[in-house]
file run12.cif (mmCIF, C-alpha atoms)
data_final
loop_
_atom_site.label_atom_id
_atom_site.label_comp_id
_atom_site.auth_asym_id
_atom_site.auth_seq_id
_atom_site.Cartn_x
_atom_site.Cartn_y
_atom_site.Cartn_z
CA MET A 1164 69.68 -201.63 67.48
CA SER A 1165 68.28 -202.38 64.06
CA ALA A 1166 64.67 -201.84 65.17
CA ASN A 1167 65.57 -198.61 66.93
CA ALA A 1168 67.50 -197.35 63.97
CA GLY A 1169 64.66 -198.18 61.64
CA ARG A 1170 62.19 -196.35 63.83
CA ARG A 1171 64.55 -193.41 64.14
CA LEU A 1172 64.51 -193.05 60.38
CA GLU A 1173 60.73 -193.36 60.24
CA GLU A 1174 60.32 -190.65 62.81
CA ARG A 1175 62.32 -188.20 60.81
CA GLN A 1176 60.41 -185.29 59.46
CA ARG A 1177 59.37 -185.05 55.89
CA GLY A 1178 61.05 -182.54 53.65
CA PHE A 1179 59.26 -180.29 51.22
CA VAL A 1180 60.01 -177.52 48.77
CA LEU A 1181 59.06 -173.86 49.07
CA TRP A 1182 59.34 -172.63 45.51
CA MET A 1183 59.49 -168.84 45.64
CA THR A 1184 58.86 -167.20 42.29
CA GLY A 1185 58.68 -163.50 41.51
CA LEU A 1186 60.24 -160.59 39.66
CA PRO A 1187 63.85 -159.61 40.36
CA GLY A 1188 63.76 -157.34 43.40
CA SER A 1189 60.44 -158.70 44.65
CA GLY A 1190 62.13 -159.92 47.85
CA LYS A 1191 62.54 -163.65 47.27
CA SER A 1192 66.09 -164.01 48.59
CA THR A 1193 65.53 -161.76 51.60
CA ILE A 1194 62.42 -163.60 52.71
CA ALA A 1195 64.00 -166.96 51.94
CA ALA A 1196 66.97 -166.17 54.22
CA LEU A 1197 64.71 -165.06 57.06
CA ALA A 1198 62.47 -168.11 56.64
CA LYS A 1199 65.49 -170.43 56.69
CA LYS A 1200 66.66 -168.92 59.98
CA GLU A 1201 63.20 -169.26 61.53
CA LEU A 1202 62.70 -172.85 60.40
CA GLU A 1203 66.13 -173.83 61.70
CA GLU A 1204 66.05 -171.98 65.00
CA GLU A 1205 62.39 -172.32 65.93
CA HIS A 1206 61.53 -175.61 64.30
CA GLY A 1207 64.87 -177.41 64.37
CA ARG A 1208 64.71 -178.29 60.72
CA HIS A 1209 67.41 -178.86 58.15
CA VAL A 1210 66.86 -176.13 55.57
CA GLU A 1211 68.74 -175.57 52.34
CA LEU A 1212 68.44 -172.23 50.61
CA LEU A 1213 68.65 -172.76 46.87
CA ASP A 1214 69.20 -169.27 45.59
CA GLY A 1215 69.00 -169.09 41.81
CA ASP A 1216 72.19 -167.08 41.39
CA GLU A 1217 74.18 -169.27 43.80
CA VAL A 1218 73.02 -172.58 42.35
CA ARG A 1219 73.82 -171.26 38.91
CA LYS A 1220 77.51 -171.08 39.89
CA GLY A 1221 77.52 -174.61 41.25
CA LEU A 1222 75.23 -176.46 38.91
CA SER A 1223 74.42 -174.39 35.84
CA SER A 1224 77.56 -172.48 35.01
CA ASP A 1225 77.13 -173.61 31.41
CA LEU A 1226 73.72 -171.95 31.10
CA GLY A 1227 72.70 -168.45 30.04
CA LEU A 1228 69.45 -166.55 30.33
CA SER A 1229 67.59 -167.67 27.22
CA ARG A 1230 64.18 -169.22 27.77
CA GLU A 1231 65.61 -172.65 27.08
CA ASP A 1232 68.49 -172.17 29.52
CA ARG A 1233 66.25 -170.75 32.24
CA GLU A 1234 64.00 -173.80 31.86
CA GLU A 1235 66.97 -176.16 32.09
CA HIS A 1236 68.27 -174.30 35.15
CA ALA A 1237 64.87 -174.62 36.84
CA ARG A 1238 64.90 -178.31 35.97
CA ARG A 1239 68.24 -178.86 37.67
CA VAL A 1240 67.17 -176.89 40.72
CA SER A 1241 64.00 -178.96 41.01
CA TYR A 1242 66.01 -182.17 40.77
CA LEU A 1243 68.24 -181.00 43.60
CA ALA A 1244 65.24 -179.92 45.69
CA LYS A 1245 63.56 -183.26 45.14
CA VAL A 1246 66.59 -185.22 46.33
CA LEU A 1247 66.80 -183.01 49.43
CA ALA A 1248 63.08 -183.34 50.18
CA ARG A 1249 63.21 -187.13 50.16
CA ASN A 1250 65.99 -186.91 52.74
CA GLY A 1251 63.96 -184.82 55.17
CA VAL A 1252 65.33 -181.42 54.17
CA ILE A 1253 63.20 -178.32 53.53
CA SER A 1254 64.43 -176.57 50.40
CA ILE A 1255 63.66 -172.92 49.90
CA VAL A 1256 64.07 -172.15 46.22
CA ALA A 1257 64.49 -168.46 45.45
CA LEU A 1258 64.34 -168.36 41.69
CA ILE A 1259 62.68 -165.90 39.31
CA SER A 1260 61.44 -168.95 37.33
CA PRO A 1261 59.45 -166.69 35.02
CA TYR A 1262 57.81 -169.44 32.99
CA ARG A 1263 54.67 -171.18 34.15
CA SER A 1264 55.75 -174.30 32.29
CA SER A 1265 59.00 -174.53 34.32
CA ARG A 1266 57.13 -174.30 37.58
CA GLU A 1267 54.59 -176.88 36.44
CA LYS A 1268 57.43 -179.22 35.54
CA ALA A 1269 59.06 -178.63 38.91
CA LYS A 1270 55.79 -179.46 40.64
CA ALA A 1271 55.40 -182.64 38.60
CA LEU A 1272 58.98 -183.75 39.30
CA ILE A 1273 58.94 -182.97 43.00
CA GLY A 1274 55.37 -184.19 43.52
CA VAL A 1275 52.31 -182.07 44.31
CA GLN A 1276 52.40 -183.09 47.95
CA ASP A 1277 55.92 -181.75 48.55
CA PHE A 1278 55.73 -178.67 46.34
CA VAL A 1279 54.57 -175.32 47.73
CA GLU A 1280 54.45 -172.54 45.16
CA VAL A 1281 54.99 -169.17 46.82
CA TYR A 1282 54.34 -166.10 44.71
CA VAL A 1283 56.41 -163.19 45.97
CA ASN A 1284 54.38 -160.41 44.44
CA ALA A 1285 55.41 -156.80 44.00
CA THR A 1286 54.67 -154.41 41.17
CA LEU A 1287 57.34 -153.82 38.58
CA ASP A 1288 57.48 -150.21 39.83
CA THR A 1289 58.35 -151.35 43.34
CA CYS A 1290 60.95 -153.85 42.13
CA GLU A 1291 62.56 -151.29 39.86
CA ARG A 1292 62.70 -148.72 42.63
CA ARG A 1293 64.45 -151.23 44.92
CA ASP A 1294 66.75 -152.58 42.20
CA PRO A 1295 69.04 -154.28 44.76
CA LYS A 1296 71.54 -155.46 42.17
CA GLY A 1297 71.29 -152.47 39.83
CA LEU A 1298 70.03 -154.76 37.08
CA TYR A 1299 66.93 -152.79 36.17
CA ALA A 1300 69.06 -149.70 35.60
CA LYS A 1301 71.41 -151.73 33.41
CA ALA A 1302 68.48 -153.15 31.47
CA ARG A 1303 67.01 -149.68 30.92
CA ARG A 1304 70.38 -148.56 29.59
CA GLY A 1305 70.40 -151.59 27.29
CA GLU A 1306 73.44 -153.14 28.97
CA ILE A 1307 71.41 -156.25 29.82
CA THR A 1308 69.02 -157.67 27.27
CA ASN A 1309 67.41 -160.64 29.07
CA MET A 1310 65.99 -158.85 32.10
CA THR A 1311 62.78 -160.39 33.36
CA GLY A 1312 60.12 -157.69 33.62
CA ILE A 1313 61.81 -155.44 31.06
CA GLN A 1314 62.72 -157.43 27.95
CA ASP A 1315 61.78 -160.93 29.12
CA PRO A 1316 58.29 -161.93 30.24
CA TYR A 1317 57.22 -162.89 33.74
CA GLU A 1318 54.23 -165.20 33.90
CA PRO A 1319 52.61 -164.83 37.34
CA PRO A 1320 51.29 -167.98 39.01
CA VAL A 1321 47.64 -168.65 38.36
CA SER A 1322 46.89 -170.29 41.69
CA PRO A 1323 49.94 -170.22 43.97
CA GLN A 1324 49.50 -171.98 47.30
CA ILE A 1325 50.84 -168.91 49.06
CA MET A 1326 50.94 -165.32 47.83
CA ILE A 1327 52.97 -162.70 49.64
CA ASN A 1328 52.60 -159.07 48.68
CA THR A 1329 55.82 -157.24 49.42
CA ASP A 1330 54.76 -153.82 48.10
CA THR A 1331 53.54 -152.79 51.50
CA SER A 1332 54.90 -155.43 53.92
CA THR A 1333 58.36 -155.53 55.47
CA PRO A 1334 60.46 -158.68 54.92
CA GLU A 1335 59.85 -159.61 58.57
CA GLU A 1336 56.08 -159.34 58.15
CA SER A 1337 56.21 -161.33 54.92
CA THR A 1338 58.26 -164.05 56.57
CA ARG A 1339 55.85 -164.27 59.50
CA GLU A 1340 53.00 -164.60 57.02
CA LEU A 1341 54.83 -167.32 55.10
CA ILE A 1342 55.72 -169.39 58.17
CA GLY A 1343 52.19 -168.90 59.48
CA MET A 1344 50.79 -170.43 56.33
CA LEU A 1345 53.06 -173.44 56.79
CA ALA A 1346 51.85 -174.01 60.34
CA SER A 1347 49.61 -176.97 59.59
CA ARG A 1348 52.36 -178.61 57.53
CA LEU A 1349 54.90 -178.12 60.30
CA LYS A 1350 52.45 -179.10 63.03
CA LYS A 1351 51.22 -182.22 61.31
CA GLU A 1352 54.80 -183.42 61.13
CA ALA A 1353 55.45 -182.61 64.77
CA GLU A 1354 52.39 -184.64 65.76
CA GLN A 1355 53.52 -187.61 63.74
CA LYS A 1356 56.89 -187.65 65.44
CA PRO A 1357 56.11 -189.46 68.73
CA ARG A 1358 54.73 -192.53 67.00
CA MET B 782 60.77 -174.43 72.11
CA SER B 783 63.48 -172.49 70.37
CA ALA B 784 66.24 -173.89 72.59
CA ASN B 785 65.00 -177.45 72.11
CA ALA B 786 64.72 -177.03 68.39
CA GLY B 787 68.20 -175.57 68.17
CA ARG B 788 69.63 -178.44 70.16
CA ARG B 789 67.73 -180.93 68.08
CA LEU B 790 69.47 -179.55 65.00
CA GLU B 791 72.87 -179.63 66.69
CA GLU B 792 72.41 -183.25 67.68
CA ARG B 793 71.80 -184.29 64.14
CA GLN B 794 74.39 -186.48 62.61
CA ARG B 795 76.91 -185.23 60.19
CA GLY B 796 76.67 -186.24 56.57
CA PHE B 797 79.58 -187.35 54.47
CA VAL B 798 80.31 -188.64 50.99
CA LEU B 799 81.42 -192.13 50.00
CA TRP B 800 82.89 -191.60 46.56
CA MET B 801 83.10 -194.99 44.88
CA THR B 802 85.31 -195.01 41.83
CA GLY B 803 86.23 -197.96 39.65
CA LEU B 804 85.98 -199.54 36.22
CA PRO B 805 82.57 -200.34 34.70
CA GLY B 806 81.56 -203.71 36.13
CA SER B 807 83.82 -203.45 39.17
CA GLY B 808 80.77 -203.61 41.46
CA LYS B 809 80.25 -199.97 42.51
CA SER B 810 76.45 -199.87 42.11
CA THR B 811 75.89 -203.28 43.68
CA ILE B 812 77.97 -202.50 46.76
CA ALA B 813 76.52 -198.97 46.96
CA ALA B 814 72.97 -200.37 47.07
CA LEU B 815 73.85 -202.90 49.78
CA ALA B 816 75.69 -200.25 51.81
CA LYS B 817 72.73 -197.89 51.57
CA LYS B 818 70.40 -200.56 52.91
CA GLU B 819 72.76 -201.34 55.79
CA LEU B 820 73.31 -197.69 56.76
CA GLU B 821 69.58 -197.04 56.70
CA GLU B 822 68.40 -200.15 58.48
CA GLU B 823 71.21 -200.70 60.96
CA HIS B 824 72.33 -197.13 61.54
CA GLY B 825 69.11 -195.19 60.95
CA ARG B 826 70.76 -192.79 58.56
CA HIS B 827 69.43 -190.84 55.63
CA VAL B 828 71.36 -192.16 52.64
CA GLU B 829 71.17 -191.00 49.05
CA LEU B 830 72.57 -193.21 46.34
CA LEU B 831 73.97 -191.05 43.57
CA ASP B 832 74.42 -193.52 40.77
CA GLY B 833 76.27 -191.99 37.83
CA ASP B 834 73.84 -193.24 35.22
CA GLU B 835 70.77 -192.16 37.20
CA VAL B 836 72.08 -188.71 38.06
CA ARG B 837 73.00 -188.24 34.43
CA LYS B 838 69.32 -188.43 33.50
CA GLY B 839 68.32 -185.89 36.13
CA LEU B 840 71.19 -183.46 36.14
CA SER B 841 73.49 -184.02 33.19
CA SER B 842 71.25 -185.00 30.30
CA ASP B 843 73.10 -182.42 28.22
CA LEU B 844 76.46 -184.16 28.71
CA GLY B 845 78.23 -186.88 26.77
CA LEU B 846 81.22 -189.06 27.56
CA SER B 847 84.11 -186.87 26.46
CA ARG B 848 86.74 -186.12 29.09
CA GLU B 849 85.38 -182.59 29.46
CA ASP B 850 81.80 -183.81 29.87
CA ARG B 851 82.77 -186.53 32.34
CA GLU B 852 84.59 -183.92 34.41
CA GLU B 853 81.59 -181.60 34.33
CA HIS B 854 79.30 -184.48 35.30
CA ALA B 855 81.53 -185.32 38.26
CA ARG B 856 81.49 -181.65 39.23
CA ARG B 857 77.69 -181.56 39.33
CA VAL B 858 77.53 -184.81 41.28
CA SER B 859 80.00 -183.43 43.83
CA TYR B 860 77.97 -180.25 44.21
CA LEU B 861 74.86 -182.33 44.91
CA ALA B 862 76.73 -184.56 47.36
CA LYS B 863 78.11 -181.53 49.18
CA VAL B 864 74.66 -179.99 49.66
CA LEU B 865 73.36 -183.32 50.97
CA ALA B 866 76.31 -183.76 53.35
CA ARG B 867 75.78 -180.38 54.97
CA ASN B 868 72.20 -181.43 55.65
CA GLY B 869 73.18 -184.59 57.49
CA VAL B 870 72.76 -187.02 54.60
CA ILE B 871 75.28 -189.71 53.64
CA SER B 872 75.75 -189.72 49.88
CA ILE B 873 77.07 -192.82 48.19
CA VAL B 874 78.41 -191.81 44.81
CA ALA B 875 78.78 -194.70 42.37
CA LEU B 876 80.56 -193.11 39.46
CA ILE B 877 83.36 -194.40 37.24
CA SER B 878 85.01 -190.96 37.60
CA PRO B 879 88.05 -192.15 35.68
CA TYR B 880 90.11 -188.97 36.04
CA ARG B 881 92.19 -188.28 39.11
CA SER B 882 91.68 -184.57 38.59
CA SER B 883 87.87 -184.92 38.85
CA ARG B 884 88.15 -186.78 42.10
CA GLU B 885 90.62 -184.26 43.49
CA LYS B 886 88.23 -181.46 42.59
CA ALA B 887 85.36 -183.32 44.22
CA LYS B 888 87.42 -183.73 47.38
CA ALA B 889 88.31 -180.04 47.39
CA LEU B 890 84.69 -178.97 46.86
CA ILE B 891 83.18 -181.34 49.42
CA GLY B 892 85.99 -180.87 51.93
CA VAL B 893 88.61 -183.42 52.94
CA GLN B 894 86.82 -184.15 56.19
CA ASP B 895 83.58 -185.23 54.51
CA PHE B 896 85.06 -186.99 51.50
CA VAL B 897 85.85 -190.71 51.59
CA GLU B 898 87.39 -192.05 48.40
CA VAL B 899 86.56 -195.72 47.94
CA TYR B 900 88.41 -197.57 45.21
CA VAL B 901 86.33 -200.49 43.97
CA ASN B 902 89.12 -202.49 42.44
CA ALA B 903 88.79 -205.38 40.02
CA THR B 904 90.97 -206.33 37.06
CA LEU B 905 89.79 -205.39 33.61
CA ASP B 906 89.51 -209.14 32.90
CA THR B 907 87.07 -209.62 35.76
CA CYS B 908 85.02 -206.57 34.80
CA GLU B 909 84.85 -207.63 31.18
CA ARG B 910 83.79 -211.14 32.13
CA ARG B 911 80.95 -209.73 34.26
CA ASP B 912 79.95 -207.07 31.73
CA PRO B 913 76.59 -206.45 33.48
CA LYS B 914 75.36 -203.97 30.88
CA GLY B 915 76.95 -205.61 27.85
CA LEU B 916 79.03 -202.48 27.29
CA TYR B 917 82.42 -204.15 27.04
CA ALA B 918 81.11 -206.41 24.29
CA LYS B 919 79.75 -203.39 22.44
CA ALA B 920 83.05 -201.56 22.86
CA ARG B 921 85.00 -204.57 21.53
CA ARG B 922 82.70 -204.59 18.51
CA GLY B 923 83.36 -200.87 18.08
CA GLU B 924 79.74 -199.90 18.74
CA ILE B 925 80.83 -197.75 21.69
CA THR B 926 83.92 -195.60 21.40
CA ASN B 927 84.25 -193.96 24.84
CA MET B 928 84.36 -197.06 27.01
CA THR B 929 86.50 -196.62 30.10
CA GLY B 930 89.06 -199.42 30.27
CA ILE B 931 88.92 -200.07 26.51
CA GLN B 932 89.27 -196.81 24.59
CA ASP B 933 89.20 -194.33 27.48
CA PRO B 934 91.70 -194.34 30.35
CA TYR B 935 91.00 -195.18 33.97
CA GLU B 936 93.36 -193.53 36.43
CA PRO B 937 93.33 -195.58 39.66
CA PRO B 938 93.41 -193.68 42.96
CA VAL B 939 96.90 -193.21 44.37
CA SER B 940 95.90 -193.31 48.03
CA PRO B 941 92.21 -194.07 48.43
CA GLN B 942 90.93 -194.06 51.99
CA ILE B 943 89.29 -197.42 51.39
CA MET B 944 90.14 -200.05 48.80
CA ILE B 945 87.85 -202.95 48.12
CA ASN B 946 88.99 -205.80 45.93
CA THR B 947 86.00 -207.40 44.25
CA ASP B 948 87.91 -209.93 42.17
CA THR B 949 87.59 -212.52 44.89
CA SER B 950 85.03 -211.12 47.35
CA THR B 951 81.27 -211.34 47.07
CA PRO B 952 79.29 -208.08 47.12
CA GLU B 953 78.11 -208.93 50.65
CA GLU B 954 81.68 -209.41 51.86
CA SER B 955 82.77 -206.19 50.19
CA THR B 956 79.91 -204.27 51.80
CA ARG B 957 80.75 -205.67 55.22
CA GLU B 958 84.34 -204.58 54.70
CA LEU B 959 83.26 -201.10 53.64
CA ILE B 960 80.89 -200.56 56.55
CA GLY B 961 83.49 -201.95 58.90
CA MET B 962 85.97 -199.34 57.77
CA LEU B 963 83.41 -196.62 58.46
CA ALA B 964 82.86 -197.85 62.01
CA SER B 965 84.84 -195.14 63.74
CA ARG B 966 83.14 -192.46 61.67
CA LEU B 967 79.71 -193.87 62.49
CA LYS B 968 80.57 -194.51 66.12
CA LYS B 969 82.07 -191.09 66.74
CA GLU B 970 78.83 -189.56 65.55
CA ALA B 971 76.71 -191.83 67.69
CA GLU B 972 78.76 -190.82 70.73
CA GLN B 973 78.33 -187.15 70.01
CA LYS B 974 74.56 -187.50 69.85
CA PRO B 975 73.61 -187.45 73.55
CA ARG B 976 75.26 -184.08 74.21
#

call {"tool": "encode", "arguments": {"input": "run12.cif", "output": "structure tokens"}}
result
Amino acid sequence: MSANAGRRLEERQRGFVLWMTGLPGSGKSTIAALAKKELEEEHGRHVELLDGDEVRKGLSSDLGLSREDREEHARRVSYLAKVLARNGVISIVALISPYRSSREKAKALIGVQDFVEVYVNATLDTCERRDPKGLYAKARRGEITNMTGIQDPYEPPVSPQIMINTDTSTPEESTRELIGMLASRLKKEAEQKPR
Amino acid sequence: MSANAGRRLEERQRGFVLWMTGLPGSGKSTIAALAKKELEEEHGRHVELLDGDEVRKGLSSDLGLSREDREEHARRVSYLAKVLARNGVISIVALISPYRSSREKAKALIGVQDFVEVYVNATLDTCERRDPKGLYAKARRGEITNMTGIQDPYEPPVSPQIMINTDTSTPEESTRELIGMLASRLKKEAEQKPR
């Protein structure tokens, strides 16, 4: 039984981290939820959706929206994603993560091999028009003062592994594009399985 | 492929949390490490060891040893353990977690069904004689002021699911006892697999 069990563990698929960064309203959470469903139902994977706002409640309730606090929040999320990845889970992080330095630190912590930076790109105009949580409107009225894209900066990725433009694509199209770009990663793992 | 993949996910084993509480030096980390090895090698499980001191560096570097900070630390550890459990991973938490209220909150968050409280019990005398990190000596010299068992209280579990007495047992014996008491949990899962 020991040999079998050992092999069973070896055969398990490798986890990795899809780190989705982008402006509020760019479509991160929507695409993340669709991608999770697809990876679970079509690929039989364990997938954890680490949505910035949700994880904040569980892990970072002591943190605000200052640069320092956003960096610390990203650090905790990357720690969680790393632990999941080494246990075979795919983490989809949907987090504004506006600072390049945060994302670089996340990549370093998680490891280049397991870190996929996905830039969910839409113009500020598009995001503000969507305004799914009404935050842009609040920021324009001065009721919020830390809004990324309005008062706070957003530093776009310089060379993301995947870029999705949601200005013109539907969430379904964007998700198909995203999963398509993961094909070799998912396939390589499937091929390794029988050994 | 979709049907297969879906079934594959269903067949996956359920995660749970072994929450090991006890005085510093009672043997939590030692037994946790041996149990991890056994569960991986003999049972083919994904196991994450959440050692209090280690997780502190990754997730709670902002926290100290006050009651409030210890409770917050335990809260973050339980959040992490919960996320792992729902992805099929067994978490072994090795954390003094001296306050009953912290452990009750962890149980509530993780869910009664997935939470196994393990009391690693040794007398203060035994723990102080072992003093693996030299902390008791420092506390007696007044160089540490928040030492559980010396200045800070330890509230033993009232009805732990598993109690291990390490005063007289070796770590190997204790681990065998622990794994033995998990047998029905591990077996039940193995039986569910073929369906």

call {"tool": "resolve_selection", "arguments": {"input": "run12.cif", "expression": "the PyMOL selection byres ((chain A and resi 1297-1300) around 10)", "output": "JSON, numbers by chain"}}
result
{"A": [1187, 1188, 1287, 1290, 1291, 1292, 1293, 1294, 1295, 1296, 1301, 1302, 1303, 1304, 1305, 1306, 1307, 1310, 1311, 1312, 1313]}

call {"tool": "resolve_selection", "arguments": {"input": "run12.cif", "expression": "the PyMOL selection byres ((chain B and resi 938) around 10)", "output": "list of chain:residue names"}}
result
B:Thr802, B:Gly803, B:Pro879, B:Tyr880, B:Arg881, B:Arg884, B:Glu885, B:Glu898, B:Val899, B:Tyr900, B:Val901, B:Asn902, B:Tyr935, B:Glu936, B:Pro937, B:Val939, B:Ser940, B:Pro941, B:Gln942, B:Met944

call {"tool": "atom_distance", "arguments": {"input": "run12.cif", "atom1": "CA of Gly1227 in chain A", "atom2": "CA of Leu1243 in chain A"}}
result
19.0 Å

call {"tool": "resolve_selection", "arguments": {"input": "run12.cif", "expression": "the PyMOL selection byres ((chain A and resi 1269) around 12)", "output": "short mmCIF file (atom, residue, chain, number, x, y, z; two decimals) with C-alpha atoms, in the frame of the given file"}}
result
data_model
loop_
_atom_site.label_atom_id
_atom_site.label_comp_id
_atom_site.auth_asym_id
_atom_site.auth_seq_id
_atom_site.Cartn_x
_atom_site.Cartn_y
_atom_site.Cartn_z
CA VAL A 1180 60.01 -177.52 48.77
CA LEU A 1181 59.06 -173.86 49.07
CA TRP A 1182 59.34 -172.63 45.51
CA MET A 1183 59.49 -168.84 45.64
CA THR A 1184 58.86 -167.20 42.29
CA GLU A 1234 64.00 -173.80 31.86
CA GLU A 1235 66.97 -176.16 32.09
CA HIS A 1236 68.27 -174.30 35.15
CA ALA A 1237 64.87 -174.62 36.84
CA ARG A 1238 64.90 -178.31 35.97
CA ARG A 1239 68.24 -178.86 37.67
CA VAL A 1240 67.17 -176.89 40.72
CA SER A 1241 64.00 -178.96 41.01
CA TYR A 1242 66.01 -182.17 40.77
CA LEU A 1243 68.24 -181.00 43.60
CA ALA A 1244 65.24 -179.92 45.69
CA LYS A 1245 63.56 -183.26 45.14
CA VAL A 1256 64.07 -172.15 46.22
CA LEU A 1258 64.34 -168.36 41.69
CA SER A 1260 61.44 -168.95 37.33
CA TYR A 1262 57.81 -169.44 32.99
CA ARG A 1263 54.67 -171.18 34.15
CA SER A 1264 55.75 -174.30 32.29
CA SER A 1265 59.00 -174.53 34.32
CA ARG A 1266 57.13 -174.30 37.58
CA GLU A 1267 54.59 -176.88 36.44
CA LYS A 1268 57.43 -179.22 35.54
CA LYS A 1270 55.79 -179.46 40.64
CA ALA A 1271 55.40 -182.64 38.60
CA LEU A 1272 58.98 -183.75 39.30
CA ILE A 1273 58.94 -182.97 43.00
CA GLY A 1274 55.37 -184.19 43.52
CA VAL A 1275 52.31 -182.07 44.31
CA ASP A 1277 55.92 -181.75 48.55
CA PHE A 1278 55.73 -178.67 46.34
CA VAL A 1279 54.57 -175.32 47.73
CA GLU A 1280 54.45 -172.54 45.16
#

call {"tool": "atom_distance", "arguments": {"input": "run12.cif", "atom1": "CA of Ala1195 in chain A", "atom2": "CA of Leu831 in chain B"}}
result
27.4 Å

call {"tool": "residues_around", "arguments": {"input": "run12.cif", "residues": "Thr1329 in chain A", "least_positions_apart": "4", "cutoff": "8 Å", "atoms": "all atoms listed in the file", "output": "PyMOL selection string"}}
result
chain A and resi 1189-1190+1283-1285+1333-1334+1337

call {"tool": "atom_distance", "arguments": {"input": "run12.cif", "atom1": "CA of Ile1255 in chain A", "atom2": "CA of Glu1211 in chain A"}}
result
6.2 Å

call {"tool": "closest_residue", "arguments": {"input": "run12.cif", "among": "A:Gly1215, A:Ser1254, A:Asp1315, A:Leu1186", "to": "chain B", "atoms": "all atoms listed in the file"}}
result
A:Ser1254

call {"tool": "closest_residue", "arguments": {"input": "run12.cif", "among": "A:Val1246, A:Ile1327, A:Ile1194, A:Leu1345", "to": "chain B", "atoms": "only C-alpha atoms"}}
result
A:Val1246

call {"tool": "build_atoms", "arguments": {"input": "run12.cif", "residues": "range 820-836 of chain B", "atoms": "N, CA and C atoms", "output": "PDB file, in the coordinates of the input"}}
result
ATOM      1  N   LEU B 820      73.204-198.964  56.019  1.00  0.00           N
ATOM      2  CA  LEU B 820      73.310-197.690  56.760  1.00  0.00           C
ATOM      3  C   LEU B 820      71.933-197.174  57.170  1.00  0.00           C
ATOM      4  N   GLU B 821      70.937-197.451  56.353  1.00  0.00           N
ATOM      5  CA  GLU B 821      69.580-197.040  56.700  1.00  0.00           C
ATOM      6  C   GLU B 821      68.999-197.924  57.794  1.00  0.00           C
ATOM      7  N   GLU B 822      69.102-199.229  57.581  1.00  0.00           N
ATOM      8  CA  GLU B 822      68.400-200.150  58.480  1.00  0.00           C
ATOM      9  C   GLU B 822      69.120-200.367  59.793  1.00  0.00           C
ATOM     10  N   GLU B 823      70.448-200.420  59.739  1.00  0.00           N
ATOM     11  CA  GLU B 823      71.210-200.700  60.960  1.00  0.00           C
ATOM     12  C   GLU B 823      71.659-199.434  61.673  1.00  0.00           C
ATOM     13  N   HIS B 824      71.801-198.348  60.927  1.00  0.00           N
ATOM     14  CA  HIS B 824      72.330-197.130  61.540  1.00  0.00           C
ATOM     15  C   HIS B 824      71.334-195.969  61.518  1.00  0.00           C
ATOM     16  N   GLY B 825      70.160-196.207  60.925  1.00  0.00           N
ATOM     17  CA  GLY B 825      69.110-195.190  60.950  1.00  0.00           C
ATOM     18  C   GLY B 825      69.467-193.896  60.252  1.00  0.00           C
ATOM     19  N   ARG B 826      70.302-193.992  59.246  1.00  0.00           N
ATOM     20  CA  ARG B 826      70.760-192.790  58.560  1.00  0.00           C
ATOM     21  C   ARG B 826      69.958-192.486  57.297  1.00  0.00           C
ATOM     22  N   HIS B 827      69.908-191.219  56.952  1.00  0.00           N
ATOM     23  CA  HIS B 827      69.430-190.840  55.630  1.00  0.00           C
ATOM     24  C   HIS B 827      70.570-191.057  54.644  1.00  0.00           C
ATOM     25  N   VAL B 828      70.317-191.853  53.617  1.00  0.00           N
ATOM     26  CA  VAL B 828      71.360-192.160  52.640  1.00  0.00           C
ATOM     27  C   VAL B 828      70.824-191.929  51.234  1.00  0.00           C
ATOM     28  N   GLU B 829      71.553-191.207  50.449  1.00  0.00           N
ATOM     29  CA  GLU B 829      71.170-191.000  49.050  1.00  0.00           C
ATOM     30  C   GLU B 829      72.193-191.681  48.160  1.00  0.00           C
ATOM     31  N   LEU B 830      71.689-192.550  47.300  1.00  0.00           N
ATOM     32  CA  LEU B 830      72.570-193.210  46.340  1.00  0.00           C
ATOM     33  C   LEU B 830      72.628-192.380  45.069  1.00  0.00           C
ATOM     34  N   LEU B 831      73.790-191.838  44.790  1.00  0.00           N
ATOM     35  CA  LEU B 831      73.970-191.050  43.570  1.00  0.00           C
ATOM     36  C   LEU B 831      74.687-191.914  42.541  1.00  0.00           C
ATOM     37  N   ASP B 832      73.870-192.632  41.790  1.00  0.00           N
ATOM     38  CA  ASP B 832      74.420-193.520  40.770  1.00  0.00           C
ATOM     39  C   ASP B 832      74.662-192.705  39.498  1.00  0.00           C
ATOM     40  N   GLY B 833      75.876-192.796  38.991  1.00  0.00           N
ATOM     41  CA  GLY B 833      76.270-191.990  37.830  1.00  0.00           C
ATOM     42  C   GLY B 833      75.238-191.978  36.718  1.00  0.00           C
ATOM     43  N   ASP B 834      74.778-193.161  36.336  1.00  0.00           N
ATOM     44  CA  ASP B 834      73.840-193.240  35.220  1.00  0.00           C
ATOM     45  C   ASP B 834      72.507-192.573  35.548  1.00  0.00           C
ATOM     46  N   GLU B 835      72.058-192.751  36.783  1.00  0.00           N
ATOM     47  CA  GLU B 835      70.770-192.160  37.200  1.00  0.00           C
ATOM     48  C   GLU B 835      70.863-190.639  37.262  1.00  0.00           C
ATOM     49  N   VAL B 836      71.937-190.161  37.903  1.00  0.00           N
ATOM     50  CA  VAL B 836      72.080-188.710  38.060  1.00  0.00           C
ATOM     51  C   VAL B 836      72.238-188.041  36.692  1.00  0.00           C
TER      52      VAL B 836
END
